[in-house]
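query07.cif (mmCIF, C-alpha atoms) appears below.
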data_final
loop_
_atom_site.group_PDB
_atom_site.id
_atom_site.type_symbol
_atom_site.label_atom_id
_atom_site.label_comp_id
_atom_site.auth_asym_id
_atom_site.auth_seq_id
_atom_site.Cartn_x
_atom_site.Cartn_y
_atom_site.Cartn_z
ATOM 1 C CA MET A 142 0.000 0.000 0.000
ATOM 2 C CA SER A 143 1.072 3.612 -0.365
ATOM 3 C CA GLY A 144 -0.002 7.040 0.804
ATOM 4 C CA GLY A 145 -0.079 8.631 4.231
ATOM 5 C CA THR A 146 2.390 11.044 5.738
ATOM 6 C CA TYR A 147 3.578 11.099 9.339
ATOM 7 C CA SER A 148 5.527 13.490 11.550
ATOM 8 C CA ALA A 149 6.760 10.772 13.938
ATOM 9 C CA ALA A 150 8.203 7.276 13.553
ATOM 10 C CA TYR A 151 10.214 4.674 15.461
ATOM 11 C CA SER A 152 13.930 4.814 14.643
ATOM 12 C CA LYS A 153 15.553 1.369 14.590
ATOM 13 C CA ASP A 154 18.993 2.966 14.950
ATOM 14 C CA LEU A 155 18.073 4.945 18.074
ATOM 15 C CA GLY A 156 15.466 2.612 19.517
ATOM 16 C CA GLU A 157 12.976 5.385 20.193
ATOM 17 C CA LEU A 158 10.159 7.429 18.729
ATOM 18 C CA ILE A 159 11.378 10.628 17.062
ATOM 19 C CA THR A 160 10.059 13.434 14.895
ATOM 20 C CA ALA A 161 11.034 13.947 11.271
ATOM 21 C CA ASP A 162 12.856 17.144 12.305
ATOM 22 C CA ASP A 163 14.953 15.154 14.767
ATOM 23 C CA ALA A 164 15.591 12.482 12.141
ATOM 24 C CA TYR A 165 17.300 15.095 9.971
ATOM 25 C CA SER A 166 19.403 16.330 12.887
ATOM 26 C CA TYR A 167 20.454 12.822 13.971
ATOM 27 C CA ARG A 168 21.227 11.858 10.369
ATOM 28 C CA SER A 169 23.578 14.846 10.078
ATOM 29 C CA GLN A 170 25.394 13.530 13.183
ATOM 30 C CA ASP A 171 25.739 10.040 11.600
ATOM 31 C CA LEU A 172 23.487 8.573 14.297
ATOM 32 C CA ILE A 173 20.927 7.373 11.734
ATOM 33 C CA SER A 174 22.248 5.055 9.037
ATOM 34 C CA SER A 175 19.720 5.528 6.229
ATOM 35 C CA ASN A 176 16.460 7.179 5.263
ATOM 36 C CA ASP A 177 14.502 3.913 5.525
ATOM 37 C CA GLY A 178 15.524 2.762 8.991
ATOM 38 C CA PHE A 179 12.152 3.563 10.544
ATOM 39 C CA GLU A 180 8.983 1.763 11.555
ATOM 40 C CA CYS A 181 5.409 2.757 12.327
ATOM 41 C CA ALA A 182 4.931 4.626 15.607
ATOM 42 C CA SER A 183 2.653 1.902 16.948
ATOM 43 C CA ASP A 184 4.481 -0.897 18.793
ATOM 44 C CA SER A 185 1.976 -3.389 17.349
ATOM 45 C CA CYS A 186 3.112 -2.616 13.800
ATOM 46 C CA GLN A 187 6.487 -3.007 12.095
ATOM 47 C CA ALA A 188 5.500 -1.310 8.837
ATOM 48 C CA ARG A 189 8.640 0.165 7.271
ATOM 49 C CA LEU A 190 8.661 3.950 6.876
ATOM 50 C CA MET A 191 10.995 6.274 4.997
ATOM 51 C CA CYS A 192 12.002 9.790 5.987
ATOM 52 C CA ILE A 193 11.722 12.086 2.983
ATOM 53 C CA ASN A 194 14.180 15.009 2.699
ATOM 54 C CA ILE A 195 16.321 13.631 5.533
ATOM 55 C CA ASP A 196 19.479 14.379 3.514
ATOM 56 C CA SER A 197 18.387 17.785 2.194
ATOM 57 C CA PRO A 198 19.714 20.807 4.120
ATOM 58 C CA PRO A 199 17.089 23.391 5.136
ATOM 59 C CA ALA A 200 18.349 26.052 2.745
ATOM 60 C CA SER A 201 17.914 23.847 -0.338
ATOM 61 C CA ARG A 202 14.620 22.044 0.309
ATOM 62 C CA ILE A 203 11.086 23.122 -0.440
ATOM 63 C CA LEU A 204 9.337 20.529 1.723
ATOM 64 C CA GLU A 205 10.052 19.826 5.380
ATOM 65 C CA PRO A 206 11.190 16.294 6.366
ATOM 66 C CA TYR A 207 8.340 13.825 6.871
ATOM 67 C CA PHE A 208 7.742 10.087 7.063
ATOM 68 C CA ARG A 209 5.763 7.987 4.600
ATOM 69 C CA ILE A 210 5.137 4.291 4.134
ATOM 70 C CA ALA A 211 7.925 2.577 2.177
ATOM 71 C CA LYS A 212 7.208 0.967 -1.188
ATOM 72 C CA GLY A 213 5.812 -2.527 -0.745
ATOM 73 C CA ALA A 214 5.270 -2.078 2.997
ATOM 74 C CA ALA A 215 1.921 -2.333 4.778
ATOM 75 C CA HIS A 216 0.550 -1.600 8.224
ATOM 76 C CA ASP A 217 -0.612 -4.416 10.450
ATOM 77 C CA PRO A 218 -4.416 -4.716 10.137
ATOM 78 C CA ARG A 219 -4.712 -3.868 13.842
ATOM 79 C CA CYS A 220 -2.515 -0.771 13.538
ATOM 80 C CA PRO A 221 -4.262 2.519 14.367
ATOM 81 C CA TYR A 222 -2.556 4.004 11.300
ATOM 82 C CA SER A 223 -3.860 1.429 8.826
ATOM 83 C CA PRO A 224 -6.440 2.709 6.297
ATOM 84 C CA PRO A 225 -8.102 5.071 6.594
ATOM 85 C CA GLU A 226 -4.741 6.593 7.479
ATOM 86 C CA THR A 227 -4.264 9.413 9.936
ATOM 87 C CA VAL A 228 -1.719 12.098 9.179
ATOM 88 C CA VAL A 229 0.204 12.604 12.401
ATOM 89 C CA GLY A 230 0.283 16.118 13.763
ATOM 90 C CA ARG A 231 -2.430 17.815 11.679
ATOM 91 C CA GLN A 232 -6.097 17.689 10.810
ATOM 92 C CA ASP A 233 -7.100 16.428 7.368
ATOM 93 C CA LYS A 234 -8.479 19.857 6.518
ATOM 94 C CA ASP A 235 -5.073 21.413 7.179
ATOM 95 C CA LYS A 236 -2.754 20.573 4.274
ATOM 96 C CA GLU A 237 0.077 22.860 5.336
ATOM 97 C CA PHE A 238 2.144 20.596 7.605
ATOM 98 C CA ILE A 239 4.282 19.079 4.858
ATOM 99 C CA LYS A 240 4.180 21.909 2.319
ATOM 100 C CA LYS A 241 5.288 24.659 4.621
ATOM 101 C CA VAL A 242 6.434 27.836 2.942
ATOM 102 C CA LYS A 243 10.063 28.600 3.730
ATOM 103 C CA CYS A 244 9.820 32.324 4.327
ATOM 104 C CA GLY A 245 11.433 34.924 6.540
ATOM 105 C CA HIS A 246 8.801 35.113 9.263
ATOM 106 C CA ASP A 247 9.573 34.786 12.934
ATOM 107 C CA ASP A 248 10.107 31.518 14.800
ATOM 108 C CA VAL A 249 8.416 31.080 18.148
ATOM 109 C CA VAL A 250 10.957 29.462 20.437
ATOM 110 C CA PHE A 251 10.188 27.818 23.770
ATOM 111 C CA LEU A 252 13.495 27.015 25.437
ATOM 112 C CA GLU A 253 12.458 26.858 29.064
ATOM 113 C CA VAL A 254 10.432 23.629 29.056
ATOM 114 C CA ALA A 255 11.902 20.247 28.130
ATOM 115 C CA PRO A 256 9.746 18.066 25.840
ATOM 116 C CA ILE A 257 7.984 14.974 27.128
ATOM 117 C CA ARG A 258 9.141 11.663 25.712
ATOM 118 C CA SER A 259 6.383 10.099 23.625
ATOM 119 C CA PRO A 260 5.747 6.366 24.061
ATOM 120 C CA ARG A 261 5.806 4.267 20.941
ATOM 121 C CA SER A 262 2.536 2.611 21.913
ATOM 122 C CA VAL A 263 -0.536 4.833 21.524
ATOM 123 C CA PRO A 264 -4.219 4.046 21.973
ATOM 124 C CA PRO A 265 -6.099 3.187 18.755
ATOM 125 C CA GLY A 266 -7.424 6.231 16.992
ATOM 126 C CA GLN A 267 -4.924 8.591 18.604
ATOM 127 C CA SER A 268 -1.714 10.096 17.255
ATOM 128 C CA PRO A 269 1.569 10.242 19.177
ATOM 129 C CA ILE A 270 2.062 13.767 20.439
ATOM 130 C CA ILE A 271 5.515 15.213 19.831
ATOM 131 C CA THR A 272 5.734 18.531 21.639
ATOM 132 C CA LYS A 273 8.802 19.668 19.716
ATOM 133 C CA LYS A 274 7.320 19.148 16.244
ATOM 134 C CA SER A 275 7.291 22.093 13.814
ATOM 135 C CA THR A 276 3.852 23.416 12.995
ATOM 136 C CA SER A 277 2.252 25.871 10.616
ATOM 137 C CA THR A 278 -0.513 28.366 11.168
ATOM 138 C CA PRO A 279 -2.793 30.129 8.673
ATOM 139 C CA SER A 280 -1.222 33.194 7.157
ATOM 140 C CA THR A 281 -2.420 36.733 7.709
ATOM 141 C CA ASN A 282 -0.192 38.197 5.007
ATOM 142 C CA PRO A 283 -1.604 39.353 1.653
ATOM 143 C CA THR A 284 0.277 36.707 -0.350
ATOM 144 C CA GLY A 285 -1.758 33.903 1.204
ATOM 145 C CA GLN A 286 1.381 31.991 2.203
ATOM 146 C CA SER A 287 1.451 30.075 5.458
ATOM 147 C CA LEU A 288 3.704 31.386 8.197
ATOM 148 C CA ASN A 289 6.672 29.149 8.990
ATOM 149 C CA ILE A 290 6.370 29.039 12.773
ATOM 150 C CA SER A 291 8.570 26.514 14.581
ATOM 151 C CA ARG A 292 8.370 25.599 18.244
ATOM 152 C CA TYR A 293 11.634 24.336 19.668
ATOM 153 C CA ASN A 294 12.227 22.857 23.086
ATOM 154 C CA ARG A 295 15.879 22.100 22.368
ATOM 155 C CA VAL A 296 18.905 24.099 21.331
ATOM 156 C CA ARG A 297 19.986 21.604 18.660
ATOM 157 C CA PRO A 298 17.394 22.540 15.979
ATOM 158 C CA LEU A 299 18.233 26.226 16.416
ATOM 159 C CA VAL A 300 21.939 25.478 16.033
ATOM 160 C CA MET A 301 21.381 23.342 12.931
ATOM 161 C CA ARG A 302 19.420 26.145 11.330
ATOM 162 C CA PHE A 303 21.861 28.869 12.403
ATOM 163 C CA LYS A 304 24.857 26.995 10.970
ATOM 164 C CA LYS A 305 23.207 26.986 7.527
ATOM 165 C CA MET A 306 22.566 30.745 7.534
ATOM 166 C CA SER A 307 24.585 33.466 5.883
ATOM 167 C CA THR A 308 25.417 36.570 7.908
ATOM 168 C CA VAL A 309 22.634 38.450 6.134
ATOM 169 C CA GLN A 310 20.098 35.695 6.842
ATOM 170 C CA ALA A 311 21.090 35.507 10.511
ATOM 171 C CA GLY A 312 20.549 39.240 10.849
ATOM 172 C CA SER A 313 17.142 39.233 9.155
ATOM 173 C CA THR A 314 15.583 36.038 10.574
ATOM 174 C CA TYR A 315 13.981 36.359 13.976
ATOM 175 C CA VAL A 316 12.816 34.273 16.901
ATOM 176 C CA HIS A 317 10.390 35.082 19.674
ATOM 177 C CA ILE A 318 11.326 34.021 23.203
ATOM 178 C CA GLY A 319 8.444 35.108 25.359
ATOM 179 C CA ALA A 320 7.516 38.599 24.227
ATOM 180 C CA GLU A 321 10.989 39.447 22.927
ATOM 181 C CA ARG A 322 11.853 39.444 19.222
ATOM 182 C CA ILE A 323 15.508 38.552 18.609
ATOM 183 C CA ALA A 324 17.517 38.114 15.403
ATOM 184 C CA TYR A 325 19.455 34.848 15.119
ATOM 185 C CA SER A 326 22.645 36.925 14.962
ATOM 186 C CA ASP A 327 21.793 38.342 18.413
ATOM 187 C CA LEU A 328 20.629 35.026 19.853
ATOM 188 C CA PHE A 329 24.084 33.453 19.271
ATOM 189 C CA PHE A 330 26.967 35.016 21.229
ATOM 190 C CA ASN A 331 30.346 34.029 19.751
ATOM 191 C CA LEU A 332 33.060 33.066 22.263
ATOM 192 C CA ASN A 333 35.726 32.137 19.707
ATOM 193 C CA THR A 334 37.810 35.142 20.719
ATOM 194 C CA ALA A 335 38.878 36.283 24.177
ATOM 195 C CA ASN A 336 37.632 38.769 26.738
ATOM 196 C CA HIS A 337 33.996 39.320 25.866
ATOM 197 C CA ASP A 338 31.852 40.706 28.663
ATOM 198 C CA LEU A 339 29.412 37.861 29.314
ATOM 199 C CA ALA A 340 26.958 40.273 30.927
ATOM 200 C CA ALA A 341 26.728 42.312 27.722
ATOM 201 C CA PRO A 342 23.837 40.423 26.058
ATOM 202 C CA GLU A 343 21.537 41.404 29.011
ATOM 203 C CA ARG A 344 19.450 38.294 28.314
ATOM 204 C CA ARG A 345 19.937 34.576 28.013
ATOM 205 C CA VAL A 346 21.625 33.752 24.721
ATOM 206 C CA ILE A 347 23.216 30.723 23.086
ATOM 207 C CA PHE A 348 26.918 31.042 23.870
ATOM 208 C CA TRP A 349 29.003 29.162 21.330
ATOM 209 C CA GLY A 350 32.634 28.474 20.607
ATOM 210 C CA VAL A 351 35.413 25.904 20.596
ATOM 211 C CA GLY A 352 36.320 24.168 23.825
ATOM 212 C CA PHE A 353 37.206 20.875 25.474
ATOM 213 C CA ILE A 354 35.389 18.046 27.245
ATOM 214 C CA ASN A 355 36.760 16.270 30.321
ATOM 215 C CA THR A 356 35.586 13.544 32.695
ATOM 216 C CA LEU A 357 35.741 14.526 36.353
ATOM 217 C CA GLN A 358 36.629 12.195 39.218
ATOM 218 C CA ASN A 359 33.012 12.021 40.410
ATOM 219 C CA GLY A 360 31.833 10.898 36.950
ATOM 220 C CA ASP A 361 30.417 14.269 35.907
ATOM 221 C CA TYR A 362 31.543 15.903 32.672
ATOM 222 C CA GLN A 363 33.040 19.336 32.223
ATOM 223 C CA LEU A 364 32.893 21.447 29.081
ATOM 224 C CA LYS A 365 35.374 24.312 29.122
ATOM 225 C CA PHE A 366 35.595 27.007 26.460
ATOM 226 C CA ARG A 367 39.021 27.630 24.962
ATOM 227 C CA TYR A 368 39.161 31.416 25.367
ATOM 228 C CA PRO A 369 38.900 33.331 28.667
ATOM 229 C CA GLN A 370 35.983 35.729 29.059
ATOM 230 C CA THR A 371 35.058 38.289 31.698
ATOM 231 C CA LEU A 372 32.177 38.521 34.159
ATOM 232 C CA SER A 373 31.963 40.939 37.102
ATOM 233 C CA GLY A 374 35.692 41.596 36.929
ATOM 234 C CA LYS A 375 36.677 37.905 36.790
ATOM 235 C CA ASN A 376 38.615 36.642 33.749
ATOM 236 C CA ASP A 377 38.236 32.889 33.219
ATOM 237 C CA ARG A 378 37.465 30.204 30.648
ATOM 238 C CA PRO A 379 33.709 29.533 31.103
ATOM 239 C CA ASN A 380 32.640 26.076 32.293
ATOM 240 C CA VAL A 381 29.521 24.005 31.636
ATOM 241 C CA TYR A 382 28.870 20.916 33.772
ATOM 242 C CA ILE A 383 26.903 17.815 32.860
ATOM 243 C CA ASN A 384 25.768 16.290 36.119
ATOM 244 C CA ARG A 385 25.851 12.495 35.974
ATOM 245 C CA SER A 386 22.622 12.099 37.951
ATOM 246 C CA GLU A 387 20.818 14.427 35.535
ATOM 247 C CA LEU A 388 22.242 12.540 32.572
ATOM 248 C CA ASP A 389 21.027 9.212 33.982
ATOM 249 C CA VAL A 390 17.394 10.380 33.897
ATOM 250 C CA TYR A 391 17.677 12.475 30.727
ATOM 251 C CA MET A 392 15.160 11.504 28.043
ATOM 252 C CA GLU A 393 17.896 11.355 25.377
ATOM 253 C CA LYS A 394 20.577 9.807 27.559
ATOM 254 C CA ASN A 395 21.730 7.305 24.912
ATOM 255 C CA ILE A 396 22.158 9.966 22.248
ATOM 256 C CA LEU A 397 23.951 12.414 24.532
ATOM 257 C CA SER A 398 26.189 9.622 25.839
ATOM 258 C CA GLN A 399 27.228 8.820 22.259
ATOM 259 C CA ILE A 400 28.058 12.475 21.628
ATOM 260 C CA ILE A 401 30.046 12.645 24.875
ATOM 261 C CA ALA A 402 32.003 9.538 23.865
ATOM 262 C CA ALA A 403 32.714 11.028 20.423
ATOM 263 C CA GLY A 404 33.929 14.245 22.038
ATOM 264 C CA LEU A 405 36.228 12.403 24.437
ATOM 265 C CA ALA A 406 37.663 10.443 21.500
ATOM 266 C CA ALA A 407 38.264 13.546 19.371
ATOM 267 C CA ALA A 408 41.772 14.915 18.924
ATOM 268 C CA GLY A 409 42.618 16.846 22.063
ATOM 269 C CA GLN A 410 39.031 16.235 23.240
ATOM 270 C CA ARG A 411 38.097 19.384 21.369
ATOM 271 C CA VAL A 412 34.413 20.136 20.858
ATOM 272 C CA GLU A 413 32.254 22.925 19.517
ATOM 273 C CA ILE A 414 29.843 24.003 22.240
ATOM 274 C CA PHE A 415 26.445 25.672 22.054
ATOM 275 C CA VAL A 416 24.751 26.444 25.365
ATOM 276 C CA TYR A 417 21.647 28.467 26.191
ATOM 277 C CA ALA A 418 22.607 29.594 29.667
ATOM 278 C CA GLU A 419 22.942 32.206 32.317
ATOM 279 C CA PRO A 420 26.552 33.215 33.125
ATOM 280 C CA VAL A 421 27.282 33.174 36.873
ATOM 281 C CA LEU A 422 30.321 33.355 39.126
ATOM 282 C CA ALA A 423 31.159 30.548 41.526
ATOM 283 C CA ARG A 424 30.554 31.384 45.183
ATOM 284 C CA SER A 425 34.306 31.570 45.646
ATOM 285 C CA GLY A 426 34.500 34.046 42.778
ATOM 286 C CA THR A 427 37.217 31.982 41.106
ATOM 287 C CA GLN A 428 35.302 30.435 38.178
ATOM 288 C CA ILE A 429 32.718 31.424 35.580
ATOM 289 C CA TYR A 430 29.891 28.960 34.999
ATOM 290 C CA LEU A 431 27.321 28.885 32.228
ATOM 291 C CA ARG A 432 24.347 27.545 34.174
ATOM 292 C CA ILE A 433 21.759 25.608 32.169
ATOM 293 C CA ALA A 434 18.138 24.939 33.109
ATOM 294 C CA SER A 435 17.981 21.668 31.157
ATOM 295 C CA LEU A 436 20.260 19.350 29.197
ATOM 296 C CA ASP A 437 18.016 20.239 26.227
ATOM 297 C CA HIS A 438 19.724 23.642 26.329
ATOM 298 C CA LEU A 439 23.142 22.133 25.613
ATOM 299 C CA TYR A 440 24.528 20.915 22.284
ATOM 300 C CA PHE A 441 28.094 20.069 21.297
ATOM 301 C CA VAL A 442 29.925 18.114 18.627
ATOM 302 C CA PRO A 443 33.552 17.031 18.116
ATOM 303 C CA HIS A 444 35.523 19.837 16.573
#
The structure in this file should be written as structure tokens.
Amino acid sequence: MSGGTYSAAYSKDLGELITADDAYSYRSQDLISSNDGFECASDSCQARLMCINIDSPPASRILEPYFRIAKGAAHDPRCPYSPPETVVGRQDKDKEFIKKVKCGHDDVVFLEVAPIRSPRSVPPGQSPIITKKSTSTPSTNPTGQSLNISRYNRVRPLVMRFKKMSTVQAGSTYVHIGAERIAYSDLFFNLNTANHDLAAPERRVIFWGVGFINTLQNGDYQLKFRYPQTLSGKNDRPNVYINRSELDVYMEKNILSQIIAAGLAAAGQRVEIFVYAEPVLARSGTQIYLRIASLDHLYFVPH
């Protein structure tokens, strides 16, 4: 059978339910082996799905990534997604989920709340709810195009988009965090040179730059930026800590553990760090920390 599009599927590589947006991100990190390594979101069905546009970078694609049934595959007769098929994440009357217009409107970004892991098994007649999924809303502009409004709970999708942007695009593409409208170029604070005043942004931003990853004696992990920065008169290389107990209960523990291992194995343990954080001084006043509210606000890759 054929037909039917889906925003979520079970990844055989990762062993968990993910969105099509996440499939693109994980594929770019070589954590997903192919575009057809997916199954139906229902644990009672092993129908093979493919992720369309998983290898197309955002700047070059017209359609957003999505899942569809693979050629020759079929749902289990008991599967809630067997015909008549339900398109995950939208009503049938709304045809804009897949064919979103890639335009320069604002993104709505929710960085303060971590997403809830969705179980693979869902009751018949219901769709798995992925809180991080991109959505579209009807347009109010005279062209009739749909606004491209994305809702992110994690830093990674913002980073992946930012890294594809030109300087001009980063300065003219905006996000909303709460009531504040911020250009991507202002959301990302570059720490690849020394002696920036970390208090200068006057808001939480995504600090990014080259650094190193280390394992501490207590089993926690330390990320340290390469270049010293200043905060309240202190000059120090900023630190980010990954608490082991928080990692053990993190919803994406396996993925983050793989990235940590790759960073530790990299030459010189060098990594590129992106962290949405509040800069603070240690009580002793001897170190600068970038304090995160959630591990979803941290992203790094081997440099």
Point to revise | Spatial neighbours of stretch 300-311 of chain A, 6 Å, all atoms listed in the file, chain gap at least 3 places, as number ranges by chain | key: A: 297, 314, 325-326
List the residues selected by the PyMOL selection byres ((chain A and resi 147-152) around 7) in the file shown, writing them as a PDB file with C-alpha atoms, keeping the file's coordinate frame.
ATOM      1  CA  GLY A 145      -0.079   8.631   4.231  1.00  0.00           C
ATOM      2  CA  THR A 146       2.390  11.044   5.738  1.00  0.00           C
ATOM      3  CA  LYS A 153      15.553   1.369  14.590  1.00  0.00           C
ATOM      4  CA  ASP A 154      18.993   2.966  14.950  1.00  0.00           C
ATOM      5  CA  LEU A 155      18.073   4.945  18.074  1.00  0.00           C
ATOM      6  CA  GLY A 156      15.466   2.612  19.517  1.00  0.00           C
ATOM      7  CA  GLU A 157      12.976   5.385  20.193  1.00  0.00           C
ATOM      8  CA  LEU A 158      10.159   7.429  18.729  1.00  0.00           C
ATOM      9  CA  ILE A 159      11.378  10.628  17.062  1.00  0.00           C
ATOM     10  CA  THR A 160      10.059  13.434  14.895  1.00  0.00           C
ATOM     11  CA  ALA A 161      11.034  13.947  11.271  1.00  0.00           C
ATOM     12  CA  GLY A 178      15.524   2.762   8.991  1.00  0.00           C
ATOM     13  CA  PHE A 179      12.152   3.563  10.544  1.00  0.00           C
ATOM     14  CA  GLU A 180       8.983   1.763  11.555  1.00  0.00           C
ATOM     15  CA  CYS A 181       5.409   2.757  12.327  1.00  0.00           C
ATOM     16  CA  ALA A 182       4.931   4.626  15.607  1.00  0.00           C
ATOM     17  CA  TYR A 207       8.340  13.825   6.871  1.00  0.00           C
ATOM     18  CA  PHE A 208       7.742  10.087   7.063  1.00  0.00           C
ATOM     19  CA  ARG A 209       5.763   7.987   4.600  1.00  0.00           C
ATOM     20  CA  VAL A 228      -1.719  12.098   9.179  1.00  0.00           C
ATOM     21  CA  VAL A 229       0.204  12.604  12.401  1.00  0.00           C
ATOM     22  CA  GLY A 230       0.283  16.118  13.763  1.00  0.00           C
TER      23      GLY A 230
END
Practice item. Would you mind telling me which residue in A:Leu339, A:Asp184, A:Leu422, A:Leu252 lies nearest to A:Arg219 when using all atoms listed in the file? Key: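 Among A:Leu339, A:Asp184, A:Leu422, A:Leu252, it is A:Asp184 that comes nearest to A:Arg219.
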Practice item. Measure the distance from atom CA of A:Leu439 to atom CA of A:Val421 in Å and round it to one decimal. Key: 16.3 Å
Check your understanding: Near A:Ile195, counting all atoms listed in the file, which residues have an atom at most 7 Å away, once you skip same-chain residues fewer than 2 positions from it, shown as a ChimeraX atom specification?
Key -> /A:164-165,176,192-193,197,206
Exercise for review: May I ask which of the residues A:His317, A:His337, A:Arg322, A:Arg432 is the closest one to A:Asn376, counting all atoms listed in the file?
Suggested key: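 So, comparing all the options, the nearest one is A:His337.
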As a check of understanding, name the residues that the PyMOL selection byres ((chain A and resi 404-415) around 9) selects in the supplied structure, as an mmCIF file with C-alpha atoms, in the coordinates of the input.
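To be explicit, this is the file written out as out.cif:
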data_model
loop_
_atom_site.group_PDB
_atom_site.id
_atom_site.type_symbol
_atom_site.label_atom_id
_atom_site.label_comp_id
_atom_site.auth_asym_id
_atom_site.auth_seq_id
_atom_site.Cartn_x
_atom_site.Cartn_y
_atom_site.Cartn_z
ATOM 1 C CA VAL A 296 18.905 24.099 21.331
ATOM 2 C CA ARG A 297 19.986 21.604 18.660
ATOM 3 C CA VAL A 300 21.939 25.478 16.033
ATOM 4 C CA PHE A 329 24.084 33.453 19.271
ATOM 5 C CA ILE A 347 23.216 30.723 23.086
ATOM 6 C CA PHE A 348 26.918 31.042 23.870
ATOM 7 C CA TRP A 349 29.003 29.162 21.330
ATOM 8 C CA GLY A 350 32.634 28.474 20.607
ATOM 9 C CA VAL A 351 35.413 25.904 20.596
ATOM 10 C CA GLY A 352 36.320 24.168 23.825
ATOM 11 C CA PHE A 353 37.206 20.875 25.474
ATOM 12 C CA ILE A 354 35.389 18.046 27.245
ATOM 13 C CA ASN A 355 36.760 16.270 30.321
ATOM 14 C CA THR A 356 35.586 13.544 32.695
ATOM 15 C CA LEU A 364 32.893 21.447 29.081
ATOM 16 C CA LYS A 365 35.374 24.312 29.122
ATOM 17 C CA PHE A 366 35.595 27.007 26.460
ATOM 18 C CA GLN A 399 27.228 8.820 22.259
ATOM 19 C CA ILE A 400 28.058 12.475 21.628
ATOM 20 C CA ILE A 401 30.046 12.645 24.875
ATOM 21 C CA ALA A 402 32.003 9.538 23.865
ATOM 22 C CA ALA A 403 32.714 11.028 20.423
ATOM 23 C CA VAL A 416 24.751 26.444 25.365
ATOM 24 C CA TYR A 417 21.647 28.467 26.191
ATOM 25 C CA HIS A 438 19.724 23.642 26.329
ATOM 26 C CA LEU A 439 23.142 22.133 25.613
ATOM 27 C CA TYR A 440 24.528 20.915 22.284
ATOM 28 C CA PHE A 441 28.094 20.069 21.297
ATOM 29 C CA VAL A 442 29.925 18.114 18.627
ATOM 30 C CA PRO A 443 33.552 17.031 18.116
ATOM 31 C CA HIS A 444 35.523 19.837 16.573
#
Study note, to complete from the structure: Of A:Asp338, A:Asp247, A:Asp162, A:Asp389, the one sitting nearest A:Gly360 when using all atoms listed in the file is A:Asp389
Check your understanding: Around (37.9, 34.4, 36.2) in the file's frame, which residues reach within 7 Å when counting all atoms listed in the file? Return as a ChimeraX atom specification?
Key -> /A:371,375-378,427-429
Review point. Just so the selection is clear, what residues does the PyMOL selection byres ((chain A and resi 345) around 9) cover here, as a list in words?
Key: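 Listing what the PyMOL selection byres ((chain A and resi 345) around 9) selects in the shown file: Leu328, Pro342, Glu343, Arg344, Val346, Ile347, Phe348, Tyr417, Ala418, Glu419 and Pro420 of chain A.
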Point to revise | One-decimal distance in Å that lies between atom CA of A:Ser166 and atom CA of A:Ala211 | key: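 Computing it gives 20.9 Å between the two atoms.
Note that the spacing between atom CA of A:Arg295 and atom CA of A:Phe251 amounts to 8.2 Å.
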Hey, can I get the axis-aligned box for stretch 396-403 of chain A? All listed atoms, 4 Å padding on each side, centre and edge lengths in Å to one decimal, as JSON.
{"center_x": 27.4, "center_y": 10.7, "center_z": 23.1, "size_x": 18.6, "size_y": 11.8, "size_z": 13.4}
